>>> print(open('coords.txt').read())   # compact mmCIF, C-alpha atoms
# COMPACT_ATOMS: atom_id res chain seq x y z
CA MET X 14 -43.40 1.05 30.05
CA ASP X 15 -44.82 2.00 26.63
CA GLY X 16 -46.15 -1.48 26.05
CA GLN X 17 -42.75 -3.17 26.44
CA GLU X 18 -42.22 -5.95 28.93
CA ALA X 19 -39.76 -5.58 31.77
CA GLU X 20 -39.00 -8.71 33.72
CA MET X 21 -36.29 -10.62 35.50
CA ASP X 22 -34.86 -13.27 33.20
CA GLY X 23 -33.00 -16.50 33.85
CA ASP X 24 -29.94 -15.23 31.96
CA ASP X 25 -27.94 -12.07 32.61
CA ARG X 26 -30.58 -9.71 31.21
CA ARG X 27 -32.70 -7.76 33.65
CA TYR X 28 -35.09 -6.27 31.12
CA ARG X 29 -36.62 -7.64 27.97
CA ALA X 30 -38.26 -5.79 25.08
CA PRO X 31 -39.81 -8.48 22.87
CA ALA X 32 -40.78 -6.15 20.02
CA LEU X 33 -37.28 -4.69 19.84
CA GLU X 34 -35.70 -8.12 20.01
CA LYS X 35 -37.79 -9.34 17.07
CA GLY X 36 -36.64 -6.38 15.00
CA LEU X 37 -33.01 -7.02 15.89
CA ASP X 38 -33.44 -10.72 15.07
CA ILE X 39 -34.61 -9.74 11.59
CA LEU X 40 -31.65 -7.42 11.01
CA GLU X 41 -29.14 -9.99 12.24
CA LEU X 42 -30.69 -12.73 10.10
CA LEU X 43 -30.59 -10.63 6.90
CA ALA X 44 -26.98 -9.60 7.61
CA ARG X 45 -25.91 -13.24 8.11
CA GLU X 46 -27.71 -14.69 5.11
CA GLY X 47 -26.10 -12.54 2.43
CA ARG X 48 -29.07 -13.13 0.10
CA PRO X 49 -32.59 -11.70 -0.16
CA LEU X 50 -35.23 -13.24 2.10
CA THR X 51 -38.99 -12.89 1.74
CA THR X 52 -41.15 -12.22 4.78
CA SER X 53 -42.24 -15.85 4.68
CA MET X 54 -38.62 -17.05 4.67
CA ILE X 55 -37.79 -14.72 7.57
CA THR X 56 -40.64 -16.10 9.69
CA GLN X 57 -39.59 -19.68 8.94
CA LYS X 58 -35.94 -19.14 9.80
CA LEU X 59 -36.75 -17.28 13.03
CA GLY X 60 -39.47 -19.72 14.05
CA ARG X 61 -42.05 -16.93 14.32
CA SER X 62 -45.53 -16.46 12.91
CA MET X 63 -46.33 -14.11 10.03
CA SER X 64 -48.54 -12.02 12.33
CA GLU X 65 -45.60 -11.50 14.73
CA LEU X 66 -43.15 -10.24 12.13
CA PHE X 67 -45.13 -8.69 9.28
CA ARG X 68 -45.35 -5.25 10.88
CA MET X 69 -41.74 -5.44 12.05
CA VAL X 70 -40.58 -5.94 8.47
CA GLN X 71 -42.74 -3.07 7.24
CA VAL X 72 -41.40 -0.69 9.89
CA LEU X 73 -37.78 -1.66 9.24
CA GLU X 74 -38.33 -0.98 5.55
CA TYR X 75 -40.05 2.35 6.26
CA ARG X 76 -37.20 3.45 8.55
CA GLY X 77 -34.61 2.57 5.90
CA PHE X 78 -32.87 -0.36 7.63
CA ILE X 79 -33.94 -2.94 5.01
CA GLN X 80 -35.11 -2.72 1.42
CA GLN X 81 -36.45 -4.87 -1.39
CA ALA X 82 -33.70 -6.51 -3.43
CA PRO X 83 -33.41 -5.23 -7.03
CA ASN X 84 -34.81 -8.52 -8.34
CA GLY X 85 -37.82 -8.23 -6.03
CA GLN X 86 -37.13 -11.64 -4.50
CA GLY X 87 -37.01 -10.49 -0.88
CA TYR X 88 -35.41 -8.09 1.59
CA VAL X 89 -31.78 -7.17 2.10
CA PRO X 90 -30.14 -4.83 4.65
CA THR X 91 -29.35 -1.27 3.64
CA ASP X 92 -26.16 0.49 4.70
CA ARG X 93 -27.96 2.59 7.32
CA LEU X 94 -26.64 0.67 10.33
CA PHE X 95 -23.19 0.71 8.78
CA SER X 96 -23.41 4.49 8.34
CA LEU X 97 -24.54 4.95 11.93
CA GLY X 98 -21.60 2.87 13.12
CA VAL X 99 -19.11 4.87 11.07
CA ASP X 100 -20.52 8.08 12.57
CA ARG X 101 -19.55 6.92 16.07
CA ALA X 102 -16.73 9.08 17.42
CA PRO X 103 -14.09 6.28 17.79
CA THR X 104 -14.69 4.96 14.27
CA LYS X 105 -14.83 8.44 12.80
CA SER X 106 -11.52 9.44 14.41
CA LEU X 107 -9.98 6.16 13.19
CA LEU X 108 -11.02 6.91 9.61
CA GLU X 109 -9.91 10.53 9.79
CA ILE X 110 -6.46 9.39 10.89
CA ALA X 111 -6.19 6.32 8.66
CA LEU X 112 -7.36 7.58 5.27
CA PRO X 113 -4.45 9.97 4.54
CA VAL X 114 -1.95 7.29 5.57
CA MET X 115 -3.75 4.71 3.43
CA ARG X 116 -3.58 7.08 0.45
CA GLU X 117 0.18 7.47 0.88
CA LEU X 118 0.62 3.71 1.24
CA SER X 119 -1.40 2.94 -1.87
CA MET X 120 0.55 5.47 -3.94
CA ALA X 121 3.90 4.17 -2.67
CA ILE X 122 3.30 0.48 -3.38
CA GLY X 123 0.95 0.71 -6.39
CA GLN X 124 -1.63 -1.51 -4.67
CA SER X 125 -5.01 -0.93 -3.03
CA CYS X 126 -5.54 -1.28 0.71
CA HIS X 127 -8.51 -1.50 3.04
CA LEU X 128 -9.37 -1.14 6.71
CA ALA X 129 -11.50 -3.70 8.54
CA VAL X 130 -13.03 -3.85 12.02
CA ARG X 131 -14.90 -6.56 13.91
CA SER X 132 -18.69 -6.74 13.64
CA GLY X 133 -20.13 -9.62 15.67
CA SER X 134 -18.51 -12.82 14.41
CA ASP X 135 -17.45 -11.13 11.15
CA ILE X 136 -15.05 -8.52 9.90
CA VAL X 137 -16.46 -5.59 7.96
CA VAL X 138 -14.50 -3.28 5.65
CA VAL X 139 -15.00 0.35 6.72
CA ALA X 140 -12.60 2.12 4.34
CA ARG X 141 -10.56 1.44 1.25
CA MET X 142 -8.04 3.21 -0.94
CA GLU X 143 -7.78 2.07 -4.54
CA SER X 144 -4.53 1.81 -6.43
CA ALA X 145 -3.71 4.62 -8.84
CA GLU X 146 -2.38 2.02 -11.28
CA GLN X 147 -4.45 1.04 -14.30
CA ILE X 148 -4.95 -2.50 -12.98
CA GLY X 149 -5.67 -3.28 -9.35
CA PHE X 150 -7.73 -5.32 -6.93
CA ALA X 151 -9.96 -3.65 -4.33
CA VAL X 152 -12.44 -4.83 -1.70
CA ARG X 153 -15.66 -2.82 -1.44
CA VAL X 154 -16.61 -0.90 1.68
CA GLY X 155 -19.24 -2.87 3.61
CA PHE X 156 -17.82 -6.27 2.62
CA ARG X 157 -18.12 -8.71 5.51
CA ARG X 158 -16.95 -12.24 6.15
CA SER X 159 -16.35 -14.52 9.11
CA LEU X 160 -13.41 -13.70 11.37
CA LEU X 161 -12.22 -17.27 10.86
CA ASN X 162 -11.81 -16.91 7.09
CA THR X 163 -9.88 -13.66 6.63
CA ARG X 164 -6.41 -12.27 7.23
CA SER X 165 -8.06 -9.25 8.84
CA GLY X 166 -9.96 -11.50 11.24
CA ALA X 167 -6.81 -13.37 12.27
CA VAL X 168 -5.00 -10.09 12.94
CA LEU X 169 -7.88 -8.61 14.94
CA PHE X 170 -8.20 -11.76 17.05
CA ALA X 171 -4.45 -12.17 17.52
CA PHE X 172 -4.04 -8.80 19.22
CA GLN X 173 -6.71 -9.08 21.91
CA GLU X 174 -6.61 -9.90 25.60
CA PRO X 175 -7.43 -13.56 26.45
CA ALA X 176 -10.83 -12.66 27.95
CA ILE X 177 -11.81 -10.78 24.78
CA ARG X 178 -10.69 -13.69 22.63
CA GLU X 179 -12.90 -16.06 24.59
CA ARG X 180 -15.89 -13.76 24.25
CA TRP X 181 -15.38 -13.55 20.48
CA ILE X 182 -15.15 -17.34 20.24
CA ALA X 183 -18.38 -17.71 22.25
CA GLU X 184 -20.16 -15.46 19.73
CA LEU X 185 -19.25 -17.57 16.69
CA PRO X 186 -22.13 -19.34 14.91
CA SER X 187 -23.04 -22.74 16.30
CA GLU X 188 -22.06 -24.52 13.08
CA VAL X 189 -18.38 -23.61 13.57
CA THR X 190 -16.53 -26.75 14.69
CA GLU X 191 -14.04 -27.09 17.53
CA GLU X 192 -11.43 -28.14 14.96
CA GLN X 193 -11.95 -24.89 13.02
CA ILE X 194 -11.67 -22.86 16.21
CA GLU X 195 -8.48 -24.61 17.30
CA THR X 196 -6.90 -24.12 13.87
CA PHE X 197 -7.82 -20.44 14.02
CA ARG X 198 -6.36 -20.06 17.52
CA ARG X 199 -3.04 -21.61 16.47
CA HIS X 200 -2.83 -19.38 13.42
CA ALA X 201 -3.66 -16.27 15.49
CA ASP X 202 -0.84 -17.14 17.91
CA LEU X 203 1.57 -17.26 14.97
CA VAL X 204 0.26 -13.92 13.69
CA ARG X 205 0.80 -12.29 17.08
CA GLU X 206 4.34 -13.70 17.28
CA ARG X 207 5.42 -12.29 13.91
CA GLY X 208 3.27 -9.14 14.04
CA TYR X 209 1.39 -9.55 10.74
CA ASP X 210 -0.42 -12.04 8.54
CA LYS X 211 0.38 -13.10 5.00
CA ALA X 212 -1.39 -15.70 2.87
CA ARG X 213 -2.60 -16.34 -0.63
CA SER X 214 -6.16 -15.18 -1.18
CA ASP X 215 -8.75 -17.93 -1.27
CA PHE X 216 -10.94 -15.61 -3.38
CA THR X 217 -8.71 -14.57 -6.27
CA GLN X 218 -5.74 -16.20 -7.96
CA GLY X 219 -2.64 -14.04 -8.12
CA VAL X 220 -3.51 -12.11 -4.93
CA THR X 221 -1.68 -12.43 -1.61
CA ASP X 222 -3.29 -10.79 1.41
CA LEU X 223 -0.94 -8.84 3.68
CA SER X 224 -2.45 -7.61 6.95
CA ALA X 225 -1.17 -5.71 10.01
CA PRO X 226 -2.89 -4.52 13.21
CA ILE X 227 -3.95 -0.97 14.02
CA LEU X 228 -3.39 -0.90 17.76
CA ARG X 229 -5.17 1.13 20.40
CA GLY X 230 -3.06 0.43 23.44
CA GLU X 231 -2.33 -3.30 23.43
CA SER X 232 -5.43 -4.33 21.47
CA ALA X 233 -6.19 -4.25 17.75
CA GLU X 234 -8.75 -1.62 16.87
CA ALA X 235 -8.67 -2.49 13.16
CA ALA X 236 -6.69 -4.40 10.57
CA LEU X 237 -4.98 -2.71 7.62
CA THR X 238 -4.76 -5.07 4.64
CA VAL X 239 -3.16 -4.96 1.21
CA PRO X 240 -4.50 -7.50 -1.30
CA PHE X 241 -1.18 -7.63 -3.18
CA MET X 242 -1.86 -8.33 -6.83
CA GLN X 243 0.81 -9.99 -8.92
CA VAL X 244 1.43 -7.96 -12.08
CA MET X 245 4.12 -8.07 -14.75
CA GLN X 246 5.75 -4.78 -13.74
CA PRO X 247 5.00 -4.13 -10.07
CA VAL X 248 5.75 -0.76 -8.50
CA THR X 249 7.49 -2.59 -5.65
CA THR X 250 8.13 -6.09 -4.36
CA MET X 251 5.78 -7.91 -2.02
CA ASP X 252 8.38 -7.83 0.75
CA ASN X 253 8.73 -4.06 0.47
CA ALA X 254 4.94 -3.66 0.34
CA LEU X 255 4.68 -5.64 3.58
CA LYS X 256 7.35 -3.47 5.17
CA GLN X 257 5.52 -0.28 4.16
CA LEU X 258 2.17 -1.73 5.24
CA ARG X 259 3.51 -2.41 8.74
CA ALA X 260 5.01 1.07 8.91
CA ALA X 261 1.66 2.59 7.88
CA ALA X 262 -0.18 0.54 10.51
CA ALA X 263 2.31 1.68 13.15
CA GLN X 264 1.88 5.31 12.05
CA ILE X 265 -1.91 5.10 12.38
CA SER X 266 -1.58 3.37 15.76
CA GLY X 267 0.72 6.11 17.02
CA ALA X 268 -1.64 8.83 15.83
CA LEU X 269 -4.58 7.10 17.58
CA LEU X 270 -2.58 6.96 20.81
CA ALA X 271 -1.72 10.66 20.53
CA SER X 272 -5.36 11.47 19.78
CA ASP X 273 -6.55 9.53 22.84
CA SER X 274 -4.04 11.26 25.10
CA ARG X 275 -5.49 14.65 24.15
CA LEU X 276 -9.04 13.68 25.19
>>> encode(input="coords.txt", output="structure tokens")
Amino acid sequence: MDGQEAEMDGDDRRYRAPALEKGLDILELLAREGRPLTTSMITQKLGRSMSELFRMVQVLEYRGFIQQAPNGQGYVPTDRLFSLGVDRAPTKSLLEIALPVMRELSMAIGQSCHLAVRSGSDIVVVARMESAEQIGFAVRVGFRRSLLNTRSGAVLFAFQEPAIRERWIAELPSEVTEEQIETFRRHADLVRERGYDKARSDFTQGVTDLSAPILRGESAEAALTVPFMQVMQPVTTMDNALKQLRAAAAQISGALLASDSRL
């Protein structure tokens, strides 16, 4: 089998490919860390030897999945995996439908907006539309953060079936406490009841995050979020921005449903 092992395992996997798994471990580690890691640091954190991982790192760099950080202090992920994910048909159709609506929303409320989807135990921003105003606040495409610590994450979790929720919880990092999970569950229940999330940003003073679900059927495919920035002469009020945000999310959801029905 081209040098790869195939064996029955004690867990649910029937086949194993150790070389592939090592490469995936490296990618997942670099994505989680959010800072450059040297090959030595990678081997230490994964509990592997240098001889096991040295060639893996070199191949991943050659294939464009990781690269040296600008300061030369280690490796960081590139956006190649992100680009491959965006090229998937469901994500591509989502963006094709959402971007024109996001542009109209941003123009109408004088604020930026962004679209986020789930990636493992995180959310990742896959699209944004900046405000046409001279001053605004925008989140970069590719930004990722734990589901538990974002309005987008709460919205995505809130609008899932119970079995999906439990699977997402099981995939959270081991350092997440039961208290954090229970707090998140209670908040998600509130979000589902009212149909949106709204809270002051814990990143930037003067910004309130407004977020609504993009639904595909009964489940949230994405979260549309407006980081509403307080300015002296706003184009519209926060309440009106929330109303228009929810209408935009509903418009995208309806277009996704119509698109699916034509397939």
>>> atom_distance(input="coords.txt", atom1="CA of Leu269 in chain X", atom2="CA of Ala111 in chain X")
9.1 Å
>>> residues_around(input="coords.txt", residues="Arg153 in chain X", least_positions_apart="5", cutoff="10 Å", atoms="all atoms listed in the file", output="list in words")
His127, Val137, Val138, Val139, Ala140, Arg141, Met142 and Glu143 of chain X
>>> closest_residue(input="coords.txt", among="X:Phe150, X:Ala233, X:Ser159, X:Ala201", to="Gln173 in chain X", atoms="all atoms listed in the file")
X:Ala233
>>> residues_near_point(input="coords.txt", point="(-31.0, -3.1, 3.9)", cutoff="6 Å", atoms="only C-alpha atoms", output="VMD selection string")
chain X and resid 78 to 80 89 to 91
>>> residues_near_point(input="coords.txt", point="(-6.9, 0.8, -4.9)", cutoff="9 Å", atoms="only C-alpha atoms", output="list in words")
Arg116, Ser119, Met120, Gly123, Gln124, Ser125, Cys126, His127, Arg141, Met142, Glu143, Ser144, Ala145, Glu146, Ile148, Gly149, Phe150, Ala151 and Val152 of chain X
>>> atom_distance(input="coords.txt", atom1="CA of Asp222 in chain X", atom2="CA of Glu206 in chain X")
17.8 Å
>>> closest_residue(input="coords.txt", among="X:Ser214, X:Ser232, X:Thr56, X:Thr238", to="Leu128 in chain X", atoms="all atoms listed in the file")
X:Thr238
>>> atom_distance(input="coords.txt", atom1="CA of Pro113 in chain X", atom2="CA of Ile265 in chain X")
9.6 Å
>>> axis_aligned_box(input="coords.txt", around="range 58-72 of chain X", padding_each_side="4 Å", output="JSON")
{"center_x": -42.2, "center_y": -10.2, "center_z": 11.0, "size_x": 20.6, "size_y": 27.0, "size_z": 15.5}
>>> closest_residue(input="coords.txt", among="X:Ile177, X:Ile39, X:Ala183, X:Leu50", to="Val70 in chain X", atoms="only C-alpha atoms")
X:Ile39
>>> closest_residue(input="coords.txt", among="X:Leu203, X:Val168, X:Ala236, X:Leu161", to="Thr190 in chain X", atoms="only C-alpha atoms")
X:Leu161
>>> closest_residue(input="coords.txt", among="X:Pro240, X:Gly219, X:Gly133, X:Gly230", to="Ala44 in chain X", atoms="only C-alpha atoms")
X:Gly133
